[in-house]
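Just my_file.csv here, CSV, C-alpha atoms:
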```
chain,number,residue,atom,x,y,z
A,1,MET,CA,197.5,-84.5,-121.1
A,2,GLN,CA,195.3,-81.5,-120.2
A,3,LEU,CA,197.2,-78.3,-119.4
A,4,ALA,CA,194.4,-75.7,-119.8
A,5,LEU,CA,192.3,-74.9,-116.8
A,6,SER,CA,188.7,-76.0,-116.8
A,7,ASN,CA,185.8,-73.6,-116.1
A,8,ALA,CA,185.6,-75.1,-112.6
A,9,ASP,CA,189.3,-74.6,-112.0
A,10,ILE,CA,189.0,-70.9,-113.2
A,11,ALA,CA,186.2,-70.4,-110.8
A,12,PHE,CA,188.3,-72.0,-108.0
A,13,ARG,CA,191.2,-69.6,-108.8
A,14,ASP,CA,188.9,-66.6,-108.6
A,15,GLU,CA,187.6,-67.8,-105.3
A,16,VAL,CA,191.2,-68.1,-104.0
A,17,ARG,CA,192.0,-64.7,-105.3
A,18,ALA,CA,189.0,-63.2,-103.6
A,19,PHE,CA,189.9,-64.8,-100.3
A,20,LEU,CA,193.5,-63.5,-100.5
A,21,ASP,CA,192.3,-60.0,-101.3
A,22,ALA,CA,190.0,-60.0,-98.3
A,23,GLY,CA,192.0,-62.0,-95.9
A,24,LEU,CA,195.5,-60.7,-96.2
A,25,THR,CA,196.0,-57.8,-93.8
A,26,PRO,CA,198.6,-55.1,-94.4
A,27,ASP,CA,200.8,-56.8,-91.7
A,28,MET,CA,200.6,-60.1,-93.4
A,29,ARG,CA,201.4,-58.6,-96.9
A,30,GLU,CA,204.3,-56.8,-95.4
A,31,ALA,CA,205.6,-59.9,-93.7
A,32,GLY,CA,205.3,-61.9,-96.9
A,33,HIS,CA,207.0,-59.2,-99.0
A,34,LYS,CA,209.8,-58.8,-96.5
A,35,SER,CA,210.5,-62.6,-96.2
A,36,THR,CA,214.0,-63.4,-97.3
A,37,ARG,CA,214.3,-66.8,-95.8
A,38,SER,CA,212.2,-70.0,-95.4
A,39,TYR,CA,209.6,-68.5,-93.1
A,40,SER,CA,208.1,-65.1,-92.4
A,41,ASN,CA,207.7,-63.3,-89.1
A,42,LEU,CA,206.3,-65.9,-86.7
A,43,GLU,CA,203.6,-63.8,-85.1
A,44,THR,CA,202.2,-62.7,-88.4
A,45,SER,CA,202.5,-66.1,-90.2
A,46,LEU,CA,200.7,-67.8,-87.3
A,47,ALA,CA,197.9,-65.4,-87.7
A,48,TRP,CA,197.7,-66.2,-91.4
A,49,HIS,CA,197.8,-69.9,-90.7
A,50,LYS,CA,194.9,-69.6,-88.3
A,51,ALA,CA,192.9,-67.6,-90.8
A,52,LEU,CA,193.5,-70.3,-93.4
A,53,ASN,CA,192.5,-73.0,-90.9
A,54,ARG,CA,189.2,-71.2,-90.2
A,55,ARG,CA,188.5,-71.4,-93.9
A,56,GLY,CA,189.6,-75.1,-94.0
A,57,TRP,CA,192.6,-74.3,-96.2
A,58,ALA,CA,195.6,-74.6,-93.8
A,59,ALA,CA,196.7,-78.0,-95.2
A,60,PRO,CA,196.1,-77.9,-99.0
A,61,SER,CA,197.4,-81.4,-99.6
A,62,TRP,CA,195.6,-83.2,-96.7
A,63,PRO,CA,192.5,-85.3,-97.3
A,64,LYS,CA,189.2,-84.3,-95.8
A,65,GLU,CA,189.3,-87.1,-93.2
A,66,TYR,CA,192.2,-85.5,-91.5
A,67,GLY,CA,190.9,-81.9,-91.7
A,68,GLY,CA,192.2,-80.9,-95.2
A,69,PRO,CA,190.1,-79.5,-98.0
A,70,GLY,CA,190.4,-82.6,-100.1
A,71,TRP,CA,191.4,-80.7,-103.2
A,72,THR,CA,192.4,-82.1,-106.5
A,73,GLN,CA,196.0,-81.9,-107.7
A,74,THR,CA,195.1,-79.0,-110.0
A,75,GLN,CA,193.4,-77.0,-107.2
A,76,ARG,CA,196.4,-77.5,-104.9
A,77,TYR,CA,198.7,-76.2,-107.7
A,78,ILE,CA,196.4,-73.2,-108.3
A,79,PHE,CA,196.2,-72.4,-104.6
A,80,GLN,CA,200.0,-72.5,-104.0
A,81,LEU,CA,200.7,-70.4,-107.0
A,82,GLU,CA,198.1,-67.7,-106.1
A,83,VAL,CA,199.3,-67.6,-102.4
A,84,ALA,CA,202.9,-67.0,-103.6
A,85,ARG,CA,201.9,-64.3,-106.1
A,86,ALA,CA,199.9,-62.6,-103.3
A,87,ARG,CA,203.0,-62.5,-101.2
A,88,ALA,CA,201.3,-64.2,-98.3
A,89,PRO,CA,203.5,-65.0,-95.2
A,90,ARG,CA,205.4,-68.3,-95.4
A,91,PHE,CA,204.7,-70.7,-92.6
A,92,PHE,CA,206.4,-73.8,-91.0
A,93,ASN,CA,206.1,-76.3,-93.8
A,94,GLN,CA,207.7,-79.0,-91.7
A,95,SER,CA,204.5,-79.3,-89.8
A,96,ILE,CA,201.9,-79.3,-92.5
A,97,ARG,CA,203.8,-80.5,-95.5
A,98,MET,CA,206.3,-83.0,-94.0
A,99,VAL,CA,205.5,-84.6,-90.6
A,100,GLY,CA,201.7,-84.4,-91.1
A,101,PRO,CA,201.6,-86.7,-94.1
A,102,VAL,CA,204.1,-89.0,-92.6
A,103,ILE,CA,201.9,-89.4,-89.4
A,104,MET,CA,198.9,-90.1,-91.7
A,105,ARG,CA,200.9,-92.9,-93.5
A,106,PHE,CA,202.8,-94.5,-90.6
A,107,GLY,CA,201.1,-93.2,-87.4
A,108,THR,CA,199.0,-95.2,-85.0
A,109,PRO,CA,195.3,-94.2,-84.6
A,110,GLU,CA,196.2,-92.6,-81.3
A,111,GLN,CA,199.1,-90.6,-82.9
A,112,LYS,CA,196.9,-89.4,-85.7
A,113,ALA,CA,194.1,-88.3,-83.4
A,114,TYR,CA,196.5,-86.4,-81.1
A,115,TYR,CA,199.0,-84.8,-83.4
A,116,LEU,CA,197.1,-83.9,-86.6
A,117,PRO,CA,194.5,-81.6,-85.1
A,118,ARG,CA,197.3,-79.8,-83.2
A,119,ILE,CA,199.3,-79.3,-86.4
A,120,LEU,CA,196.2,-77.8,-88.1
A,121,GLU,CA,195.6,-75.4,-85.2
A,122,GLY,CA,199.2,-74.3,-85.2
A,123,GLU,CA,199.6,-75.5,-81.6
A,124,ASP,CA,202.6,-77.7,-82.5
A,125,LEU,CA,205.5,-76.3,-84.6
A,126,TRP,CA,207.8,-79.1,-85.8
A,127,CYS,CA,211.4,-78.9,-86.9
A,128,GLN,CA,213.4,-81.6,-88.7
A,129,GLY,CA,216.2,-83.5,-87.0
A,130,TYR,CA,218.0,-85.2,-89.9
A,131,SER,CA,221.4,-83.7,-90.6
A,132,GLU,CA,224.3,-84.0,-88.2
A,133,PRO,CA,227.7,-82.4,-88.1
A,134,GLY,CA,229.2,-85.5,-89.7
A,135,SER,CA,226.1,-86.7,-91.7
A,136,GLY,CA,224.6,-84.5,-94.4
A,137,SER,CA,224.2,-85.9,-97.8
A,138,ASP,CA,225.3,-89.3,-96.4
A,139,LEU,CA,222.4,-89.3,-94.0
A,140,ALA,CA,222.7,-93.0,-93.3
A,141,SER,CA,225.9,-92.4,-91.4
A,142,LEU,CA,224.1,-90.5,-88.6
A,143,GLN,CA,225.2,-91.3,-85.1
A,144,THR,CA,222.6,-89.7,-82.7
A,145,LYS,CA,221.8,-92.7,-80.6
A,146,ALA,CA,218.6,-93.8,-78.9
A,147,VAL,CA,219.1,-96.5,-76.3
A,148,SER,CA,216.1,-98.6,-75.1
A,149,ASP,CA,215.3,-98.2,-71.5
A,150,GLY,CA,212.0,-100.0,-70.6
A,151,ASP,CA,209.1,-98.2,-72.3
A,152,ASP,CA,211.4,-95.3,-73.2
A,153,TYR,CA,214.3,-94.3,-75.5
A,154,VAL,CA,217.1,-92.2,-74.1
A,155,ILE,CA,218.6,-90.1,-76.9
A,156,ASN,CA,222.1,-88.5,-77.1
A,157,GLY,CA,223.6,-86.7,-80.0
A,158,SER,CA,223.5,-83.6,-82.1
A,159,LYS,CA,221.5,-82.3,-85.1
A,160,ILE,CA,222.6,-79.4,-87.3
A,161,TRP,CA,221.1,-77.0,-89.8
A,162,THR,CA,217.9,-77.4,-88.0
A,163,THR,CA,215.6,-74.7,-89.4
A,164,TYR,CA,213.7,-72.7,-86.8
A,165,ALA,CA,214.5,-75.1,-83.9
A,166,HIS,CA,214.6,-72.0,-81.8
A,167,LYS,CA,210.9,-71.5,-82.5
A,168,ALA,CA,209.7,-75.1,-82.6
A,169,THR,CA,207.8,-77.0,-80.0
A,170,ASN,CA,208.6,-80.5,-81.3
A,171,MET,CA,211.1,-82.3,-83.5
A,172,PHE,CA,210.8,-85.3,-85.8
A,173,ALA,CA,214.1,-87.0,-85.9
A,174,LEU,CA,216.1,-89.9,-87.2
A,175,VAL,CA,218.1,-91.8,-84.5
A,176,ARG,CA,220.3,-94.8,-84.4
A,177,THR,CA,218.8,-97.8,-82.5
A,178,SER,CA,221.1,-100.5,-83.9
A,179,ASN,CA,224.6,-100.9,-85.5
A,180,GLU,CA,223.8,-104.2,-87.0
A,181,GLY,CA,223.7,-104.8,-90.8
A,182,LYS,CA,223.6,-101.9,-93.3
A,183,PRO,CA,223.6,-98.4,-91.8
A,184,GLN,CA,220.1,-97.7,-93.1
A,185,GLU,CA,218.8,-100.8,-91.2
A,186,GLY,CA,219.5,-99.4,-87.7
A,187,ILE,CA,217.7,-96.1,-88.0
A,188,THR,CA,214.4,-95.3,-86.2
A,189,PHE,CA,212.0,-92.3,-86.8
A,190,VAL,CA,210.9,-90.7,-83.5
A,191,LEU,CA,208.8,-87.7,-82.4
A,192,ILE,CA,210.4,-85.6,-79.7
A,193,GLU,CA,208.0,-83.3,-77.8
A,194,ASN,CA,208.5,-80.5,-75.4
A,195,PHE,CA,211.5,-78.9,-77.2
A,196,LYS,CA,212.1,-76.4,-74.4
A,197,ARG,CA,213.2,-79.0,-71.8
A,198,PRO,CA,216.6,-78.5,-70.2
A,199,GLU,CA,218.1,-81.6,-71.8
A,200,ILE,CA,217.8,-79.9,-75.2
A,201,THR,CA,220.1,-77.1,-76.1
A,202,VAL,CA,219.5,-75.0,-79.2
A,203,ALA,CA,222.6,-73.1,-80.4
A,204,PRO,CA,222.0,-70.4,-83.1
A,205,ILE,CA,223.8,-70.4,-86.5
A,206,ILE,CA,223.8,-67.0,-88.0
A,207,THR,CA,223.7,-67.1,-91.8
A,208,LEU,CA,225.6,-65.0,-94.3
A,209,SER,CA,222.7,-62.6,-94.5
A,210,GLY,CA,222.9,-62.0,-90.7
A,211,GLU,CA,219.6,-63.9,-90.1
A,212,HIS,CA,218.9,-66.5,-87.4
A,213,GLU,CA,217.1,-69.3,-89.3
A,214,VAL,CA,219.2,-72.5,-88.6
A,215,ASN,CA,220.6,-74.0,-85.5
A,216,GLN,CA,222.6,-76.8,-84.0
A,217,VAL,CA,220.6,-78.9,-81.5
A,218,PHE,CA,222.2,-80.9,-78.7
A,219,LEU,CA,220.3,-83.8,-77.2
A,220,ASP,CA,221.6,-84.8,-73.7
A,221,ASN,CA,219.9,-87.8,-72.2
A,222,VAL,CA,216.5,-86.8,-73.7
A,223,ARG,CA,213.9,-89.4,-72.7
A,224,ILE,CA,210.9,-90.0,-74.9
A,225,PRO,CA,208.3,-92.8,-74.7
A,226,LYS,CA,208.5,-95.5,-77.3
A,227,LYS,CA,204.9,-94.7,-78.2
A,228,ASN,CA,206.5,-91.7,-79.9
A,229,ARG,CA,208.2,-93.9,-82.5
A,230,LEU,CA,206.7,-93.6,-86.0
A,231,GLY,CA,206.8,-96.9,-87.7
A,232,GLU,CA,208.8,-99.9,-86.6
A,233,GLU,CA,212.1,-99.8,-84.7
A,234,ASN,CA,215.1,-99.9,-87.1
A,235,LYS,CA,212.8,-99.2,-90.1
A,236,GLY,CA,213.0,-95.4,-90.0
A,237,TRP,CA,214.8,-95.2,-93.3
A,238,THR,CA,211.6,-96.2,-95.1
A,239,VAL,CA,209.7,-93.4,-93.2
A,240,ALA,CA,212.5,-90.9,-94.0
A,241,LYS,CA,212.4,-91.6,-97.7
A,242,TYR,CA,208.7,-91.2,-97.7
A,243,LEU,CA,209.0,-87.8,-96.0
A,244,LEU,CA,211.7,-86.6,-98.4
A,245,GLU,CA,209.3,-87.0,-101.3
A,246,PHE,CA,207.2,-84.2,-99.7
A,247,GLU,CA,210.3,-82.1,-98.9
A,248,ARG,CA,211.7,-82.3,-102.4
A,249,GLY,CA,208.4,-82.3,-104.4
A,250,GLY,CA,205.7,-80.9,-102.2
A,251,ASP,CA,204.8,-77.3,-103.1
A,252,PRO,CA,205.3,-76.4,-106.8
A,253,TYR,CA,208.6,-74.7,-107.4
A,254,THR,CA,206.9,-72.4,-109.9
A,255,ALA,CA,205.1,-70.9,-106.9
A,256,ARG,CA,208.6,-69.6,-105.7
A,257,LEU,CA,210.0,-68.8,-109.1
A,258,VAL,CA,207.2,-66.7,-110.6
A,259,PRO,CA,207.3,-64.1,-107.9
A,260,GLN,CA,211.1,-64.0,-108.0
A,261,LEU,CA,211.0,-63.5,-111.8
A,262,GLU,CA,208.4,-60.7,-111.4
A,263,ASP,CA,210.6,-59.1,-108.8
A,264,VAL,CA,213.6,-59.0,-111.2
A,265,GLN,CA,211.4,-57.6,-114.0
A,266,ARG,CA,210.1,-54.9,-111.7
A,267,LEU,CA,213.5,-54.0,-110.3
A,268,SER,CA,215.0,-53.6,-113.7
A,269,ARG,CA,212.4,-51.1,-114.9
A,270,GLY,CA,213.9,-47.6,-115.0
A,271,ARG,CA,217.3,-48.7,-113.8
A,272,SER,CA,220.6,-48.0,-115.6
A,273,MET,CA,223.6,-50.2,-116.3
A,274,ASN,CA,226.9,-49.0,-117.9
A,275,GLY,CA,225.4,-45.5,-118.4
A,276,GLY,CA,222.3,-46.6,-120.3
A,277,SER,CA,218.9,-48.2,-119.5
A,278,LEU,CA,218.8,-51.9,-118.6
A,279,TRP,CA,216.1,-52.4,-121.2
A,280,ASP,CA,218.4,-51.1,-123.9
A,281,ASP,CA,221.1,-53.6,-122.9
A,282,ARG,CA,220.9,-56.6,-125.2
A,283,ARG,CA,222.9,-58.9,-122.9
A,284,PHE,CA,220.7,-58.1,-120.0
A,285,ARG,CA,217.5,-58.7,-122.0
A,286,GLU,CA,218.9,-62.0,-123.2
A,287,ARG,CA,219.7,-63.2,-119.7
A,288,LEU,CA,216.3,-62.2,-118.4
A,289,ALA,CA,214.6,-63.8,-121.4
A,290,ASP,CA,216.6,-67.0,-120.8
A,291,LEU,CA,215.5,-67.2,-117.2
A,292,GLU,CA,211.9,-66.6,-118.1
A,293,VAL,CA,212.1,-69.5,-120.6
A,294,GLN,CA,213.6,-71.7,-117.9
A,295,VAL,CA,210.8,-70.8,-115.5
A,296,LYS,CA,208.2,-71.4,-118.2
A,297,ALA,CA,209.8,-74.8,-119.0
A,298,LEU,CA,209.7,-75.9,-115.4
A,299,GLU,CA,206.1,-74.6,-115.1
A,300,MET,CA,205.1,-76.8,-118.1
A,301,PHE,CA,206.9,-79.8,-116.5
A,302,GLU,CA,205.1,-79.3,-113.2
A,303,LEU,CA,201.8,-78.9,-115.1
A,304,ARG,CA,202.4,-82.2,-116.8
A,305,LEU,CA,203.0,-83.8,-113.4
A,306,VAL,CA,199.8,-82.3,-112.1
A,307,SER,CA,197.9,-83.5,-115.1
A,308,ALA,CA,199.3,-87.0,-114.8
A,309,LEU,CA,198.5,-87.2,-111.1
A,310,SER,CA,195.0,-85.9,-111.7
A,311,MET,CA,194.4,-88.8,-114.1
A,312,GLY,CA,195.7,-91.3,-111.6
A,313,GLN,CA,199.0,-91.8,-113.3
A,314,ASN,CA,202.3,-92.2,-111.5
A,315,PRO,CA,204.9,-89.8,-113.0
A,316,GLY,CA,207.8,-91.8,-111.3
A,317,SER,CA,209.9,-91.4,-108.2
A,318,MET,CA,212.5,-89.3,-109.9
A,319,ALA,CA,210.0,-86.5,-110.9
A,320,SER,CA,210.5,-84.7,-107.5
A,321,SER,CA,214.2,-84.9,-107.9
A,322,MET,CA,214.0,-83.3,-111.4
A,323,VAL,CA,211.8,-80.5,-110.1
A,324,LYS,CA,214.0,-79.9,-107.1
A,325,LEU,CA,217.2,-79.9,-109.2
A,326,ARG,CA,216.0,-77.4,-111.8
A,327,GLY,CA,213.9,-75.2,-109.5
A,328,SER,CA,216.8,-74.7,-107.0
A,329,GLU,CA,219.3,-73.8,-109.7
A,330,ILE,CA,216.9,-71.4,-111.4
A,331,ILE,CA,216.0,-69.6,-108.2
A,332,GLN,CA,219.7,-69.1,-107.5
A,333,LYS,CA,220.1,-67.5,-111.0
A,334,LEU,CA,217.1,-65.2,-110.5
A,335,THR,CA,218.3,-64.0,-107.1
A,336,GLU,CA,221.8,-63.5,-108.5
A,337,LEU,CA,220.5,-61.3,-111.3
A,338,ALA,CA,218.4,-59.3,-108.9
A,339,VAL,CA,221.5,-58.4,-106.9
A,340,GLU,CA,223.2,-57.3,-110.1
A,341,VAL,CA,220.3,-55.2,-111.0
A,342,VAL,CA,220.1,-53.2,-107.8
A,343,GLY,CA,223.9,-53.0,-107.2
A,344,HIS,CA,224.9,-51.1,-104.0
A,345,GLU,CA,221.2,-50.6,-103.1
A,346,ALA,CA,221.1,-54.2,-102.0
A,347,LEU,CA,223.4,-53.5,-99.0
A,348,PRO,CA,221.0,-51.8,-96.4
A,349,TYR,CA,219.0,-54.6,-94.8
A,350,GLU,CA,217.9,-55.4,-91.3
A,351,PRO,CA,216.7,-58.9,-90.6
A,352,ASP,CA,213.2,-59.3,-89.1
A,353,ASP,CA,213.8,-60.6,-85.6
A,354,ASP,CA,210.2,-61.6,-84.9
A,355,ALA,CA,209.8,-58.8,-82.4
A,356,PRO,CA,206.3,-57.5,-81.8
A,357,ARG,CA,205.3,-54.7,-84.2
A,358,SER,CA,204.8,-51.2,-83.1
A,359,ASN,CA,201.7,-49.1,-84.0
A,360,ALA,CA,203.8,-47.1,-86.5
A,361,PRO,CA,202.7,-47.0,-90.1
A,362,ARG,CA,203.7,-50.1,-92.1
A,363,VAL,CA,205.8,-49.6,-95.2
A,364,VAL,CA,206.3,-52.6,-97.5
A,365,ALA,CA,209.9,-53.5,-97.8
A,366,ASP,CA,211.8,-52.1,-100.7
A,367,ASP,CA,212.7,-54.8,-103.2
A,368,ALA,CA,216.2,-53.6,-103.5
A,369,ALA,CA,216.8,-54.0,-99.7
A,370,THR,CA,215.7,-57.7,-99.8
A,371,ALA,CA,217.6,-58.7,-102.9
A,372,MET,CA,220.9,-59.5,-101.2
A,373,PRO,CA,219.6,-61.6,-98.2
A,374,ARG,CA,217.4,-63.6,-100.7
A,375,TYR,CA,220.5,-64.2,-102.8
A,376,LEU,CA,222.5,-65.3,-99.8
A,377,ASN,CA,219.7,-67.5,-98.4
A,378,PHE,CA,219.1,-69.3,-101.6
A,379,ARG,CA,222.8,-70.3,-101.9
A,380,ALA,CA,221.7,-73.3,-99.8
A,381,ALA,CA,218.9,-74.2,-102.1
A,382,THR,CA,221.1,-76.6,-104.1
A,383,ILE,CA,222.2,-78.3,-100.9
A,384,TYR,CA,219.2,-78.7,-98.6
A,385,ALA,CA,216.6,-81.5,-99.2
A,386,GLY,CA,219.3,-83.4,-101.1
A,387,SER,CA,222.1,-81.6,-103.0
A,388,SER,CA,222.2,-81.2,-106.8
A,389,GLU,CA,224.8,-84.0,-107.0
A,390,VAL,CA,222.4,-86.3,-105.1
A,391,GLN,CA,219.5,-85.4,-107.3
A,392,ARG,CA,221.6,-86.0,-110.5
A,393,ASN,CA,222.6,-89.4,-109.2
A,394,ILE,CA,219.0,-90.3,-108.5
A,395,ILE,CA,217.9,-89.2,-112.0
A,396,ALA,CA,220.9,-91.0,-113.6
A,397,LYS,CA,220.0,-94.2,-111.9
A,398,ALA,CA,216.2,-94.1,-112.4
A,399,VAL,CA,216.2,-92.8,-116.0
A,400,LEU,CA,219.5,-93.8,-117.5
A,401,GLY,CA,220.1,-97.0,-115.5
A,402,LEU,CA,223.6,-95.9,-114.6
```
Step by step, read the file and then write its structure as structure tokens.
Amino acid sequence: MQLALSNADIAFRDEVRAFLDAGLTPDMREAGHKSTRSYSNLETSLAWHKALNRRGWAAPSWPKEYGGPGWTQTQRYIFQLEVARARAPRFFNQSIRMVGPVIMRFGTPEQKAYYLPRILEGEDLWCQGYSEPGSGSDLASLQTKAVSDGDDYVINGSKIWTTYAHKATNMFALVRTSNEGKPQEGITFVLIENFKRPEITVAPIITLSGEHEVNQVFLDNVRIPKKNRLGEENKGWTVAKYLLEFERGGDPYTARLVPQLEDVQRLSRGRSMNGGSLWDDRRFRERLADLEVQVKALEMFELRLVSALSMGQNPGSMASSMVKLRGSEIIQKLTELAVEVVGHEALPYEPDDDAPRSNAPRVVADDAATAMPRYLNFRAATIYAGSSEVQRNIIAKAVLGL
């Protein structure tokens, strides 16, 4: 196992840092710094996406044949970590990280030629239609139905917790095409285009932080051509499991955790607790040190995975579950500690509504003002992409044989 960066990797890291220093405008840095949810201000993040695409870096994990940079595992890890540390805007990962690789694996030549360039250019913004009001962790129980009608499917049902459906142009979804056999055997993976059509209703769900990030989507006789099916009919469960590997184990969790840890460390400097300095409080220092150790431990685990993949080894299907389980729990602890540090200063916060910016001077958001919404948003981290209970079951079965 090789954890140290090679000279070539160090040179690549310096190239990425130079690009970020030059390419991130004040607007982009502000949007990234203010981001308290899954994605940053849409207008600014789209501009960042296009800047990355001009450099050929919009899809770090994609191979060259589909427009990606063809980077090594180590280069991808370095890039994601440096982007997070630079507080670049966060963009729609459903398009690049999730549906894109699935189209590469299961799509027809025509589907690849049409959809992949549009994803790279930012023309298509995809949302995920998996969960339903009665089907969350037990996804195989989904009931949204697609009925065959000649060369089309007619879809009726509802999806929920659909992140950024109000901004998306398309949806990749799981629908039921058969009730025969096991529940997993009657599911089909489809691509639903033209998300603004009248047969589709998007109802906002406002989160605890007052932000509009997730939605419920109602599909009322939505007609799509069967050529928009990905994979075989009734074999969508295989496609769905492949996609979940990217949702749970795509970007390194360290890329999220390191900036959060640095935020807590910065917030705690010069602040008082119980009449004294935080840095003089032994219990606080112990808690912060414990979280730093946990971040470092997960970083070492991710580096081991990167090393194994770089040498052509397969770290095992449960690796993404292990990273997701630990990463989601650590980020909750970090955001909880950040709120404790800033106290009542965490209260004033106005969600970014994606409205066009004025020409007034930009001021980077105060860390204290974003601490509470980040805390509230990451309460869901141990639920989405498979709850902690589901991840523990996967690990117990794969590792312990239970």
Nearest-residue call for A:Ala381, choices A:Ile206, A:Leu5, A:Leu42, A:Leu325, using all atoms listed in the file: A:Leu325
Spatial sel., origin (203.8, -71.7, -105.7), limit 9 Å, only C-alpha atoms, listed as a list in words: Tyr77, Ile78, Phe79, Gln80, Leu81, Glu82, Val83, Ala84, Arg85, Asp251, Pro252, Tyr253, Thr254, Ala255, Arg256, Leu257, Val258 and Pro259 of chain A
Coordinates-based distance that separates atom CA of A:Glu211 from atom CA of A:Asn93 (Å, one decimal): 18.7 Å
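Considering all atoms listed in the file, the residue among A:Arg229, A:Lys64, A:Arg283, A:His166 positioned nearest to A:Val217 is A:His166.
You can rank A:Asn156, A:Thr335, A:Ser321, A:Thr74 by their closest distance to A:Gln391 using only C-alpha atoms, and at the top of that list sits A:Ser321.
Distances here use only C-alpha atoms; by that measure, the residue among A:Ser328, A:Asn194, A:Thr163, A:Ser35 closest to A:Thr207 is A:Thr163.
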Neighbours of point (194.4, -72.8, -113.7) within 12 Å, using only C-alpha atoms, written as a count of residues only: 31
Contacts of A:Tyr153 at 7 Å (all atoms listed in the file; same-chain gap of 2+ positions) as a VMD selection string: chain A and resid 146 to 149 155 223 to 226
Centre and edge lengths of an axis-aligned box around all listed atoms of stretch 128-145 of chain A, with 8 Å added on each side, are to be given in Å to one decimal, as JSON.
```
{"center_x": 221.3, "center_y": -87.3, "center_z": -89.2, "size_x": 31.8, "size_y": 27.4, "size_z": 33.2}
```
Selection: 9 Å around A:Val202, all atoms listed in the file, excl. self and same-chain fewer than 5 positions, as a list of chain:residue names: A:Ala165, A:His166, A:Lys196, A:Asn215, A:Gln216, A:Val217, A:Phe218
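Among the candidate residues A:Val399, A:Leu208, A:Val239, A:Ile394, the one lying nearest to A:Arg374 is A:Leu208, with distances computed using only C-alpha atoms.
Residue nearest A:Thr370 within the list A:Leu402, A:Val295, A:Val264, A:Ala113: A:Val264 [criterion: smallest interatomic distance, all atoms listed in the file].
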